[in-house]
Amino acid sequence: MAIHADKLRWLFWLRWKMFTRSLVRDKGRVVGLIFLILFGLPFVGGFAVGTFFAYRYLPAPANAEVLFLVLSGVYLVWSALPLLEFTVNEGLDISKLALFPLTRAELMLSLLFSTLLDVPTLGLFLILAAVVVGWASAVPLALIALLAMLIFYVQVVGMSQLVLALLMRILQSRRFRDLSIVLLAIFASSFYFFQQFALRGLGSGHFVENIDHLSLSTYLQWLPPGMAARAIQQASVGNWGVSFAWLFALLVMSVLVLYLWQLVVERGLVSAESGGGSRAARQRPTEREALAGVRVGSSATLSPVLAIAVKDMKYLRRDPQQLALLFQTMLSTIVVLVATVFNPSSAGRGIGSWAVLAAPAFVFLSLNALTLNMLGMEGESLTTLLLFPIEPKRILWGKNLVILALGSIEMLLLVAVTAFASQGWNFVLPALTIGFAGIAIVLGCGNFSSVCLPQRRRQRRGFQTTTNYSSESGFARLLLSLLMLLVTVIVLIPAGVALVLPILFHAQWFWSFSIPLSLLYGIAFYFVVTALVAPRILDKAPEILAVVARE
Amino acid sequence: MTTFDETYAVVAQDLVRTFGQKVAVSHLNLRVRTGEFFGFLGPNGAGKSTTIKMMVGLLRPTSGSIWVGGVDVWHDPLRVRTLMGVLPEYLHLYERLSGREFITFAGHMYGVPDVDIGRRTEELLSVLDLANDADKLIVDYSVGMRKKVALAAAILHRPQVLFLDEPFEGIDPISSRVIRDILRELTQRGTTIFFSSHIMEVVERLCTRVGIINQGVLVAEGTLQELRERAHEGKDATLEDIFLNVVGARNGNHNLSWLD
């Protein structure tokens, strides 16, 4: 199998160019890289130092168990990395490289070398270096550890690339991209729970005993990372023969992985030219029937307002970014609710009836995120929407209708649960009335910010954000959302006063006047603001499009 | 011009658009008669798409005026939108709607009666050979399919004036033929079509009049015969010959020395 060094050099050049160009053209990547170097690498470095001390100073077999866990974890993360953070790197795209006369070996070697340009590889080196240094109590042991880690590195990279090559078509599919955005939102939102779980596990004070009792090495040794760990552990107790046997097993596994990778790369080369042609017009009958149902229903009697609302509802379900945003806003409400109602520390004394009245506030907070940039959330499709002869206020009404529906469901749920937990059923009606007044105010403020301060929506791609996103624009975006939140809170004050003052003065009978008045205030605010800002959508259409849908 | 002459469907008067120092469109004056099939030609970056964007109200002119169907585009934007259909160069469709859903949605936006929306949508899907893929999301469509869906949405309400920016790009010959037939029928029934294209054969076959823009300036306008005469080309000269002559890209040595 011929390997031309010149071609390898140029393939590496291609990868380097793609890497540097992506940094030049996308400021978000530069910011991401800086954050990764400033925070990610020190974190991994700290982890590596921690594992070094564990290998060195924990009593056997706990230190070996840690080694098994660390290597297995690294192996798992690196194999799953393409699933979590997959981006089509043009420099590595086999379908593009297939145009040139490159051998499999050249392709594989170039892919292997290109991993050196990935920042996470530096983190991997740190962890593997900690293994070598941590177990290097004598020169022969250091050499065995070094050899084991070299083979393990090839194994890790080979497996990662094998997974990538195997799943390339799935990873490039729209459905996976959509799913990855939603999954990452769930992952990010679940971080709080994970943090609580991890801290409790570490803080239990029986870490070493727990590790010993687990004895995971018995099972993990049959996997490649376990083989590397077992080789080092056996060498550390002087069983050199057994150690070399495990090392040999690891080598065989690595060769096998490389061989499989090569097969998949070859298959990729053969099918690259015919990729993507065969999946047209395949659709499950049930899905087809369901959509046909939507069609029949939607073509009945839809006014433009309702048509926009129906379209937005479909988008909330089908657009992963909107689904992720919706999930995040709802999740924060649910977490707050669960923490308040079912918190063990407050279980004995329960919660006060005031919680029923406070519940709508969480709805306002979550709706605020959805209303802030409604035109911006249209993305480039706003061009199409603004070409239709539809009155601007109807565009806003259609969008508001969806958010009103979501907010109403959320509020009914929250108020019902808090009323049930506190037995404060007498507060339900005032809470709901004030809630609807508040939603009207939030929608009015949202219409103002969406029309007068539109922003280009961020395109999320895995952990990265693409297009027009820099630290500066990110800061401006944050500032704007805080400012609009402040404005919304100020406008909400009269409605809040109408609710709270009668309680403070023990004159709840006054609610029969103050609460309907606050509802009127909310509705009037909504209609006045919407009527004032809506014409601007048409008047300033080019300017809004220049911000939201730049080509 | 302060009063509108009804014989013209599109009028651009002294239209200028600058981007910083660059003048994209310079003092463009253009009149397209009602029912005319007007071809708008020009090399890449000549200002075709910029002009069309200004005509449909997506880009504010630096100066000048535009009337479509007798309505000032920038004074009564809502009314002008009811009169026209637009197929832009970059299609920003609702990708998470299916083709059928998008066309239906467009029908509601244009205020087409509910009964007609369903019937017209099905007919358009069938004629444009999209019926089998009508329930797939647009995000999964090919470029040609997107163009066809966008065209269907643009003509569903029977617009008075249809603006098409590169409508035949990425379209297969069969669909191209179908679209040509649809456009011809539209003009026969009184629709004015203003379209830009790079495909000279199509422009030559379809257009009743042609305008050529180069570096933001309208350098020629007229019927094919008029352009031939003005460019001093013979009666057998093709539109491509005229175009190359007018934009000054006719001569030059394009041979590769290393092919000898």
# chains A, B, ... in the order shown; residues from 1 in each chain; ligands from 1

$ interface_residues --of "chain B" --to "chain A" --cutoff "7 Å" --atoms "only C-alpha atoms" --output "PDB file with N, CA and C atoms, in the first residue's frame"
ATOM      1  N   LEU B  58     -37.824  44.472  -0.532  1.00  0.00           N
ATOM      2  CA  LEU B  58     -36.956  43.834   0.458  1.00  0.00           C
ATOM      3  C   LEU B  58     -35.690  44.644   0.717  1.00  0.00           C
ATOM      4  N   LEU B  59     -35.411  45.594  -0.150  1.00  0.00           N
ATOM      5  CA  LEU B  59     -34.217  46.419   0.014  1.00  0.00           C
ATOM      6  C   LEU B  59     -34.589  47.868  -0.296  1.00  0.00           C
ATOM      7  N   ARG B  60     -34.270  48.753   0.641  1.00  0.00           N
ATOM      8  CA  ARG B  60     -34.657  50.154   0.453  1.00  0.00           C
ATOM      9  C   ARG B  60     -33.685  50.832  -0.519  1.00  0.00           C
ATOM     10  N   LEU B  78     -48.164  47.074   1.695  1.00  0.00           N
ATOM     11  CA  LEU B  78     -49.087  45.959   1.888  1.00  0.00           C
ATOM     12  C   LEU B  78     -49.893  45.690   0.614  1.00  0.00           C
ATOM     13  N   ARG B  79     -50.358  46.776  -0.009  1.00  0.00           N
ATOM     14  CA  ARG B  79     -51.170  46.614  -1.212  1.00  0.00           C
ATOM     15  C   ARG B  79     -50.338  46.031  -2.351  1.00  0.00           C
ATOM     16  N   ARG B  81     -47.912  44.067  -2.142  1.00  0.00           N
ATOM     17  CA  ARG B  81     -47.625  42.648  -1.916  1.00  0.00           C
ATOM     18  C   ARG B  81     -48.786  41.754  -2.368  1.00  0.00           C
ATOM     19  N   THR B  82     -49.995  42.292  -2.358  1.00  0.00           N
ATOM     20  CA  THR B  82     -51.124  41.484  -2.832  1.00  0.00           C
ATOM     21  C   THR B  82     -51.075  41.327  -4.351  1.00  0.00           C
ATOM     22  N   HIS B  92     -35.669  31.447   1.170  1.00  0.00           N
ATOM     23  CA  HIS B  92     -35.752  31.295   2.620  1.00  0.00           C
ATOM     24  C   HIS B  92     -37.134  30.770   2.967  1.00  0.00           C
ATOM     25  N   LEU B  93     -37.324  29.522   2.671  1.00  0.00           N
ATOM     26  CA  LEU B  93     -38.650  28.933   2.889  1.00  0.00           C
ATOM     27  C   LEU B  93     -38.754  28.450   4.333  1.00  0.00           C
ATOM     28  N   TYR B  94     -39.971  28.116   4.732  1.00  0.00           N
ATOM     29  CA  TYR B  94     -40.150  27.508   6.050  1.00  0.00           C
ATOM     30  C   TYR B  94     -39.788  26.037   5.940  1.00  0.00           C
ATOM     31  N   ARG B  96     -39.224  23.719   7.953  1.00  0.00           N
ATOM     32  CA  ARG B  96     -39.812  22.686   8.819  1.00  0.00           C
ATOM     33  C   ARG B  96     -41.289  22.467   8.522  1.00  0.00           C
ATOM     34  N   GLU B 101     -47.805  21.842   3.116  1.00  0.00           N
ATOM     35  CA  GLU B 101     -48.140  22.777   4.201  1.00  0.00           C
ATOM     36  C   GLU B 101     -47.688  24.193   3.853  1.00  0.00           C
ATOM     37  N   THR B 104     -49.987  25.725   1.219  1.00  0.00           N
ATOM     38  CA  THR B 104     -51.268  26.039   1.871  1.00  0.00           C
ATOM     39  C   THR B 104     -51.129  27.290   2.733  1.00  0.00           C
ATOM     40  N   PHE B 105     -50.034  27.348   3.474  1.00  0.00           N
ATOM     41  CA  PHE B 105     -49.756  28.512   4.338  1.00  0.00           C
ATOM     42  C   PHE B 105     -49.696  29.792   3.495  1.00  0.00           C
ATOM     43  N   HIS B 108     -53.074  31.041   2.518  1.00  0.00           N
ATOM     44  CA  HIS B 108     -53.752  31.772   3.603  1.00  0.00           C
ATOM     45  C   HIS B 108     -53.177  33.172   3.760  1.00  0.00           C
ATOM     46  N   MET B 109     -51.879  33.277   3.575  1.00  0.00           N
ATOM     47  CA  MET B 109     -51.242  34.593   3.718  1.00  0.00           C
ATOM     48  C   MET B 109     -51.701  35.551   2.623  1.00  0.00           C
ATOM     49  N   TYR B 110     -51.924  34.999   1.414  1.00  0.00           N
ATOM     50  CA  TYR B 110     -52.371  35.855   0.314  1.00  0.00           C
ATOM     51  C   TYR B 110     -53.883  36.067   0.339  1.00  0.00           C
ATOM     52  N   ASP B 114     -60.490  29.608   1.084  1.00  0.00           N
ATOM     53  CA  ASP B 114     -60.112  28.273   1.558  1.00  0.00           C
ATOM     54  C   ASP B 114     -60.354  27.167   0.529  1.00  0.00           C
ATOM     55  N   GLY B 118     -56.936  24.547  -1.328  1.00  0.00           N
ATOM     56  CA  GLY B 118     -56.760  23.100  -1.428  1.00  0.00           C
ATOM     57  C   GLY B 118     -56.660  22.645  -2.875  1.00  0.00           C
ATOM     58  N   ASN B 132     -45.534  13.334  -4.914  1.00  0.00           N
ATOM     59  CA  ASN B 132     -45.005  12.217  -4.110  1.00  0.00           C
ATOM     60  C   ASN B 132     -44.204  12.687  -2.903  1.00  0.00           C
ATOM     61  N   ASP B 133     -43.664  13.883  -3.008  1.00  0.00           N
ATOM     62  CA  ASP B 133     -42.838  14.398  -1.908  1.00  0.00           C
ATOM     63  C   ASP B 133     -43.538  15.521  -1.145  1.00  0.00           C
ATOM     64  N   ASP B 135     -45.463  15.645   1.305  1.00  0.00           N
ATOM     65  CA  ASP B 135     -45.548  15.575   2.766  1.00  0.00           C
ATOM     66  C   ASP B 135     -44.183  15.468   3.430  1.00  0.00           C
TER      67      ASP B 135
END

$ residues_around --residues "Ala64 in chain A" --least-positions-apart "5" --cutoff "8 Å" --atoms "only C-alpha atoms" --output "JSON, numbers by chain"
{"A": [55, 229, 233]}

$ residues_around --residues "range 66-70 of chain B" --least-positions-apart "4" --cutoff "10 Å" --atoms "only C-alpha atoms" --output "PyMOL selection string"
chain B and resi 3-15+29-34+54-57+61+74-76+79-81+83-84+160-161+192

$ write_last_selection --atoms "C-alpha atoms" --output "short mmCIF file (atom, residue, chain, number, x, y, z; two decimals), in the first residue's frame"
data_model
loop_
_atom_site.label_atom_id
_atom_site.label_comp_id
_atom_site.auth_asym_id
_atom_site.auth_seq_id
_atom_site.Cartn_x
_atom_site.Cartn_y
_atom_site.Cartn_z
CA THR B 3 -48.77 59.85 -12.04
CA PHE B 4 -48.84 56.23 -13.05
CA ASP B 5 -49.46 55.10 -16.60
CA GLU B 6 -51.62 51.96 -16.50
CA THR B 7 -49.91 50.44 -19.52
CA TYR B 8 -46.90 49.74 -17.36
CA ALA B 9 -46.84 47.03 -14.72
CA VAL B 10 -43.40 47.87 -13.36
CA VAL B 11 -41.78 51.27 -13.40
CA ALA B 12 -38.41 52.07 -11.88
CA GLN B 13 -37.43 55.69 -11.90
CA ASP B 14 -33.90 56.91 -11.29
CA LEU B 15 -33.22 53.99 -9.00
CA ASN B 29 -34.89 53.77 -15.38
CA LEU B 30 -37.04 50.92 -16.55
CA ARG B 31 -40.63 50.35 -17.72
CA VAL B 32 -42.21 46.96 -18.15
CA ARG B 33 -45.57 46.84 -19.93
CA THR B 34 -48.53 44.95 -18.53
CA MET B 54 -35.70 46.91 -4.35
CA MET B 55 -38.65 46.30 -6.68
CA VAL B 56 -40.28 43.81 -4.30
CA GLY B 57 -39.69 45.88 -1.17
CA PRO B 61 -33.30 52.17 -2.50
CA TRP B 74 -42.48 52.06 -0.61
CA HIS B 75 -45.65 54.02 0.09
CA ASP B 76 -48.19 51.20 0.15
CA ARG B 79 -51.17 46.61 -1.21
CA VAL B 80 -48.26 46.02 -3.53
CA ARG B 81 -47.62 42.65 -1.92
CA LEU B 83 -50.38 42.26 -6.48
CA MET B 84 -47.11 40.44 -6.83
CA GLN B 160 -50.53 40.58 -11.46
CA VAL B 161 -46.77 40.81 -11.52
CA THR B 192 -46.49 40.44 -16.14
#

$ closest_residue --among "B:Gln188, B:Ile52, B:Ala106, B:Gly64" --to "His157 in chain B" --atoms "only C-alpha atoms"
B:Ala106

$ atom_distance --atom1 "CA of Leu401 in chain A" --atom2 "CA of Ile515 in chain A"
22.7 Å
